[in-house]
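Visitor: Would you mind keeping the following structure in view while I ask a few things?
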Amino acid sequence: MEPWEMREWFADFLEALNRHDVERVRGFLHPAVRRAHLPAGAEAWIADYAELLHGFPDWQVKRIQILVEDDRLAVHLRAGGAHTGPFAHVAPTRRRVNIASFAMYRVEHGLITEAVGTDDAAQIRAAIA
């Protein structure tokens with residue numbers, strides 16, 4: 001993909017995340033996607049995302065910065081929502097959480113094949129503890 005196409009592709013990915021469209025998000029993931037320090041595979045990614053949405057039903061992600069080089073994306077995101085459901089074995093606190101996230105993605109044929117970045121779950125757990 002050309003850099004402009006990659007930026008548009010990522011905008012579509014964020015739209016799917018913000019609409020909480022789990023099946024559409026799955027369509028952006030390679031079935032064997034590798035994630036640093038997390039279980040591999042699209043199903044593991046979707047399970048983690050579903051747990052996040054269960055705890056934060058209004059979770060939204062905003063792109064701050066994106067850099068494209070060949071088949072790789074570097075992104076700076078802000079994300080947040082209200083903790084109104086259980087998350088990571090923590091009962092709802094009703095606290096509003098807002099985190100900064102930094103990630104690198106490798107994209108092949110329109111699918112994320114590799115992902116590495118900040119530990120967003122750890123930031124969220126710290127905010128609701």
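We name chains A, B, ... following the order of the structure tokens; residues begin at 1 in each chain, and ligands are numbered from 1 as shown.
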Counting only C-alpha atoms, what is within 7 Å of Val97 in chain A, bar same-chain residues fewer than 4 positions away, as JSON, numbers by chain?

Guide: {"A": [80, 81, 82, 124, 127]}

Visitor: Filtering to N, CA, C and O atoms, could you give me those residues as a compact mmCIF listing (two decimals), in the first residue's frame?

Guide:
# COMPACT_ATOMS: atom_id res chain seq x y z
N GLY A 80 -10.07 6.17 25.82
CA GLY A 80 -10.69 6.29 27.12
C GLY A 80 -12.14 5.88 27.14
O GLY A 80 -12.76 5.67 26.10
N GLY A 81 -12.63 5.78 28.36
CA GLY A 81 -14.02 5.42 28.58
C GLY A 81 -14.29 5.31 30.07
O GLY A 81 -13.38 5.41 30.89
N ALA A 82 -15.55 5.10 30.42
CA ALA A 82 -15.96 4.97 31.82
C ALA A 82 -16.00 3.49 32.21
O ALA A 82 -16.53 2.66 31.48
N ILE A 124 -4.66 0.78 32.24
CA ILE A 124 -6.07 0.78 32.62
C ILE A 124 -6.24 0.23 34.03
O ILE A 124 -6.94 0.81 34.86
N ALA A 127 -5.33 2.73 36.59
CA ALA A 127 -6.30 3.82 36.69
C ALA A 127 -7.55 3.44 37.47
O ALA A 127 -8.20 4.31 38.05

Visitor: If you take only C-alpha atoms and a cut-off of 9 Å, which residues of range 92-111 of chain A touch range 30-42 of chain A, and what are their nearest atom pairs and distances in Å to one decimal, in chain and number order, as JSON lines?

Guide:
{"residue": "A:Val107", "atom": "CA", "partner": "A:His30", "partner_atom": "CA", "distance": 8.9}
{"residue": "A:Glu108", "atom": "CA", "partner": "A:His30", "partner_atom": "CA", "distance": 8.5}
{"residue": "A:Gly110", "atom": "CA", "partner": "A:His30", "partner_atom": "CA", "distance": 8.8}
{"residue": "A:Leu111", "atom": "CA", "partner": "A:His30", "partner_atom": "CA", "distance": 5.2}

Visitor: Filtering to all heavy atoms, could you give me those residues as an mmCIF file, in the first residue's frame?

Guide:
data_model
loop_
_atom_site.group_PDB
_atom_site.id
_atom_site.type_symbol
_atom_site.label_atom_id
_atom_site.label_comp_id
_atom_site.auth_asym_id
_atom_site.auth_seq_id
_atom_site.Cartn_x
_atom_site.Cartn_y
_atom_site.Cartn_z
ATOM 1 N N VAL A 107 1.654 -4.471 8.477
ATOM 2 C CA VAL A 107 0.445 -4.760 7.708
ATOM 3 C C VAL A 107 0.838 -5.411 6.392
ATOM 4 O O VAL A 107 1.649 -4.866 5.638
ATOM 5 C CB VAL A 107 -0.361 -3.467 7.451
ATOM 6 C CG1 VAL A 107 -1.600 -3.761 6.619
ATOM 7 C CG2 VAL A 107 -0.728 -2.794 8.762
ATOM 8 N N GLU A 108 0.276 -6.579 6.132
ATOM 9 C CA GLU A 108 0.505 -7.288 4.869
ATOM 10 C C GLU A 108 -0.840 -7.611 4.243
ATOM 11 O O GLU A 108 -1.699 -8.218 4.895
ATOM 12 C CB GLU A 108 1.284 -8.587 5.115
ATOM 13 C CG GLU A 108 2.692 -8.379 5.631
ATOM 14 C CD GLU A 108 3.415 -9.704 5.874
ATOM 15 O OE1 GLU A 108 2.843 -10.770 5.591
ATOM 16 O OE2 GLU A 108 4.551 -9.643 6.366
ATOM 17 N N GLY A 110 -3.368 -5.865 3.722
ATOM 18 C CA GLY A 110 -4.498 -5.296 4.437
ATOM 19 C C GLY A 110 -4.798 -5.931 5.780
ATOM 20 O O GLY A 110 -5.847 -5.646 6.364
ATOM 21 N N LEU A 111 -3.885 -6.764 6.292
ATOM 22 C CA LEU A 111 -4.094 -7.422 7.589
ATOM 23 C C LEU A 111 -2.926 -7.143 8.520
ATOM 24 O O LEU A 111 -1.764 -7.166 8.095
ATOM 25 C CB LEU A 111 -4.230 -8.935 7.412
ATOM 26 C CG LEU A 111 -5.374 -9.422 6.534
ATOM 27 C CD1 LEU A 111 -5.292 -10.931 6.352
ATOM 28 C CD2 LEU A 111 -6.718 -9.027 7.128
#

Visitor: One decimal, Å: what's the distance from CA of Phe87 in chain A over to CA of Gly55 in chain A, could you say?

Guide: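 CA of Gly55 in chain A lies at a distance of 4.6 Å from CA of Phe87 in chain A.
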
Visitor: From the options A:Ala44, A:Ala129, A:Ala100, A:Val75, which residue's atoms come nearest to Val116 in chain A, counting only C-alpha atoms?

Guide: A:Val75

Visitor: May I ask which of the residues A:Pro57, A:Gly27, A:Pro92, A:Pro3 is the closest one to Ala74 in chain A, counting only C-alpha atoms?

Guide: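 Nearest to Ala74 in chain A: A:Pro3.
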
Visitor: Residues of range 68-101 of chain A classed as strand (DSSP E) by DSSP on the backbone are to be reported as a PDB file with C-alpha atoms, in the first residue's frame.

Guide:
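Here's the written file part_12.pdb:
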ATOM      1  CA  VAL A  68       4.008   5.151   7.727  1.00  0.00           C
ATOM      2  CA  GLU A  69       7.094   3.438   6.364  1.00  0.00           C
ATOM      3  CA  ARG A  72       4.755  -0.552   9.025  1.00  0.00           C
ATOM      4  CA  LEU A  73       2.715   1.945  10.998  1.00  0.00           C
ATOM      5  CA  ALA A  74       3.811   3.798  14.115  1.00  0.00           C
ATOM      6  CA  VAL A  75       0.864   5.340  15.943  1.00  0.00           C
ATOM      7  CA  HIS A  76       0.261   7.521  18.971  1.00  0.00           C
ATOM      8  CA  LEU A  77      -3.295   7.193  20.239  1.00  0.00           C
ATOM      9  CA  ARG A  78      -5.446   8.478  23.091  1.00  0.00           C
ATOM     10  CA  ALA A  79      -8.178   6.213  24.347  1.00  0.00           C
ATOM     11  CA  GLY A  80     -10.688   6.291  27.123  1.00  0.00           C
ATOM     12  CA  GLY A  81     -14.023   5.421  28.584  1.00  0.00           C
ATOM     13  CA  ALA A  82     -15.957   4.967  31.821  1.00  0.00           C
ATOM     14  CA  ARG A  96     -13.286   7.671  33.623  1.00  0.00           C
ATOM     15  CA  VAL A  97     -10.003   6.359  32.231  1.00  0.00           C
ATOM     16  CA  ASN A  98      -7.887   8.166  29.649  1.00  0.00           C
ATOM     17  CA  ILE A  99      -4.639   6.605  28.413  1.00  0.00           C
ATOM     18  CA  ALA A 100      -1.889   7.325  25.918  1.00  0.00           C
ATOM     19  CA  SER A 101      -0.969   4.416  23.687  1.00  0.00           C
TER      20      SER A 101
END

Visitor: In Å to one decimal, how far is CA of His54 in chain A from CA of Glu15 in chain A?

Guide: 18.4 Å

Visitor: Just list the residues in chain A DSSP gives alpha helix (DSSP H) on the backbone, as a ChimeraX atom specification.

Guide: /A:3-18,22-26,42-55,120-128

Visitor: Those residues with N, CA and C atoms, as a CSV table (one decimal), in the first residue's frame please?

Guide:
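Generated file (part.csv):
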chain,number,residue,atom,x,y,z
A,3,PRO,N,1.6,5.1,1.2
A,3,PRO,CA,1.4,5.7,2.5
A,3,PRO,C,0.0,6.3,2.7
A,4,TRP,N,-0.5,7.0,1.7
A,4,TRP,CA,-1.9,7.5,1.9
A,4,TRP,C,-2.9,6.4,2.0
A,5,GLU,N,-2.7,5.3,1.3
A,5,GLU,CA,-3.6,4.2,1.5
A,5,GLU,C,-3.6,3.6,2.9
A,6,MET,N,-2.3,3.5,3.4
A,6,MET,CA,-2.1,3.0,4.7
A,6,MET,C,-2.8,3.8,5.8
A,7,ARG,N,-2.7,5.2,5.6
A,7,ARG,CA,-3.4,6.1,6.5
A,7,ARG,C,-4.9,5.9,6.5
A,8,GLU,N,-5.5,5.8,5.3
A,8,GLU,CA,-6.9,5.5,5.1
A,8,GLU,C,-7.3,4.2,5.7
A,9,TRP,N,-6.5,3.2,5.5
A,9,TRP,CA,-6.7,1.8,6.0
A,9,TRP,C,-6.8,1.9,7.6
A,10,PHE,N,-5.8,2.7,8.2
A,10,PHE,CA,-5.8,2.8,9.6
A,10,PHE,C,-7.0,3.6,10.1
A,11,ALA,N,-7.5,4.6,9.4
A,11,ALA,CA,-8.7,5.3,9.8
A,11,ALA,C,-9.9,4.3,9.8
A,12,ASP,N,-10.0,3.4,8.8
A,12,ASP,CA,-11.0,2.5,8.8
A,12,ASP,C,-10.9,1.5,10.0
A,13,PHE,N,-9.7,1.1,10.3
A,13,PHE,CA,-9.5,0.3,11.5
A,13,PHE,C,-10.0,1.0,12.8
A,14,LEU,N,-9.6,2.2,12.9
A,14,LEU,CA,-10.1,3.0,14.1
A,14,LEU,C,-11.6,3.1,14.1
A,15,GLU,N,-12.2,3.3,13.0
A,15,GLU,CA,-13.6,3.4,12.9
A,15,GLU,C,-14.3,2.1,13.4
A,16,ALA,N,-13.8,1.0,13.0
A,16,ALA,CA,-14.3,-0.3,13.4
A,16,ALA,C,-14.1,-0.4,14.9
A,17,LEU,N,-13.0,0.0,15.5
A,17,LEU,CA,-12.8,-0.1,16.9
A,17,LEU,C,-13.8,0.8,17.6
A,18,ASN,N,-14.0,2.0,17.2
A,18,ASN,CA,-14.8,3.0,17.8
A,18,ASN,C,-16.3,2.6,17.7
A,22,VAL,N,-16.9,-5.9,16.4
A,22,VAL,CA,-15.9,-6.9,16.6
A,22,VAL,C,-15.6,-7.7,15.4
A,23,GLU,N,-16.6,-8.0,14.6
A,23,GLU,CA,-16.4,-8.8,13.4
A,23,GLU,C,-15.6,-7.9,12.3
A,24,ARG,N,-15.9,-6.7,12.3
A,24,ARG,CA,-15.1,-5.8,11.3
A,24,ARG,C,-13.6,-5.7,11.8
A,25,VAL,N,-13.4,-5.6,13.1
A,25,VAL,CA,-12.1,-5.5,13.7
A,25,VAL,C,-11.3,-6.8,13.3
A,26,ARG,N,-12.0,-7.9,13.5
A,26,ARG,CA,-11.4,-9.2,13.1
A,26,ARG,C,-11.0,-9.2,11.7
A,42,ALA,N,-5.7,-13.9,16.0
A,42,ALA,CA,-6.8,-13.0,16.0
A,42,ALA,C,-7.8,-13.3,17.1
A,43,GLU,N,-8.0,-14.5,17.4
A,43,GLU,CA,-9.0,-14.8,18.4
A,43,GLU,C,-8.6,-14.3,19.8
A,44,ALA,N,-7.3,-14.4,20.1
A,44,ALA,CA,-6.8,-13.8,21.4
A,44,ALA,C,-7.0,-12.3,21.4
A,45,TRP,N,-6.7,-11.7,20.3
A,45,TRP,CA,-6.8,-10.2,20.2
A,45,TRP,C,-8.3,-9.8,20.4
A,46,ILE,N,-9.2,-10.5,19.7
A,46,ILE,CA,-10.6,-10.2,19.8
A,46,ILE,C,-11.1,-10.5,21.2
A,47,ALA,N,-10.7,-11.5,21.9
A,47,ALA,CA,-11.1,-11.8,23.3
A,47,ALA,C,-10.6,-10.7,24.2
A,48,ASP,N,-9.4,-10.2,24.0
A,48,ASP,CA,-8.9,-9.1,24.8
A,48,ASP,C,-9.8,-7.8,24.6
A,49,TYR,N,-10.1,-7.6,23.3
A,49,TYR,CA,-10.9,-6.4,23.0
A,49,TYR,C,-12.3,-6.5,23.5
A,50,ALA,N,-12.9,-7.7,23.5
A,50,ALA,CA,-14.2,-7.9,24.0
A,50,ALA,C,-14.2,-7.7,25.5
A,51,GLU,N,-13.2,-8.1,26.2
A,51,GLU,CA,-13.1,-7.9,27.7
A,51,GLU,C,-13.0,-6.4,27.9
A,52,LEU,N,-12.2,-5.7,27.2
A,52,LEU,CA,-12.1,-4.2,27.3
A,52,LEU,C,-13.5,-3.6,27.2
A,53,LEU,N,-14.2,-3.9,26.1
A,53,LEU,CA,-15.5,-3.3,25.9
A,53,LEU,C,-16.5,-3.7,27.0
A,54,HIS,N,-16.4,-4.9,27.6
A,54,HIS,CA,-17.3,-5.3,28.6
A,54,HIS,C,-17.1,-4.4,29.8
A,55,GLY,N,-15.8,-4.0,30.1
A,55,GLY,CA,-15.6,-3.1,31.2
A,55,GLY,C,-15.8,-1.7,30.9
A,120,ASP,N,-1.3,-1.3,27.4
A,120,ASP,CA,-2.5,-0.5,27.7
A,120,ASP,C,-3.3,-1.1,28.8
A,121,ALA,N,-3.4,-2.4,28.9
A,121,ALA,CA,-4.1,-3.1,30.0
A,121,ALA,C,-3.5,-2.7,31.4
A,122,ALA,N,-2.2,-2.6,31.5
A,122,ALA,CA,-1.6,-2.2,32.7
A,122,ALA,C,-1.9,-0.8,33.1
A,123,GLN,N,-2.0,0.1,32.1
A,123,GLN,CA,-2.3,1.5,32.4
A,123,GLN,C,-3.8,1.6,32.8
A,124,ILE,N,-4.7,0.8,32.2
A,124,ILE,CA,-6.1,0.8,32.6
A,124,ILE,C,-6.2,0.2,34.0
A,125,ARG,N,-5.6,-0.9,34.3
A,125,ARG,CA,-5.7,-1.5,35.7
A,125,ARG,C,-5.2,-0.5,36.7
A,126,ALA,N,-4.1,0.2,36.4
A,126,ALA,CA,-3.6,1.2,37.4
A,126,ALA,C,-4.6,2.3,37.6
A,127,ALA,N,-5.3,2.7,36.6
A,127,ALA,CA,-6.3,3.8,36.7
A,127,ALA,C,-7.5,3.4,37.5
A,128,ILE,N,-7.9,2.2,37.5
A,128,ILE,CA,-9.1,1.7,38.2
A,128,ILE,C,-8.8,1.1,39.5

Visitor: Between CA of Thr113 in chain A and CA of Met1 in chain A, what distance in Å does the model show, to one decimal?

Guide: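 Computing the Euclidean distance for CA of Thr113 in chain A and CA of Met1 in chain A yields 14.6 Å.
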
Visitor: Looking at only C-alpha atoms, which of A:Asp71, A:Lys62, A:Thr93, A:Asp21 is the one that sits closest to Glu114 in chain A?

Guide: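 Under the stated criterion, the closest residue is A:Asp71.
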
Visitor: Given the choices A:Leu67, A:Gly117, A:His83, A:Val90, which gets closest to Ala103 in chain A if the distance is worked out from only C-alpha atoms?

Guide: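 Smallest separation from Ala103 in chain A among the options: A:Gly117.
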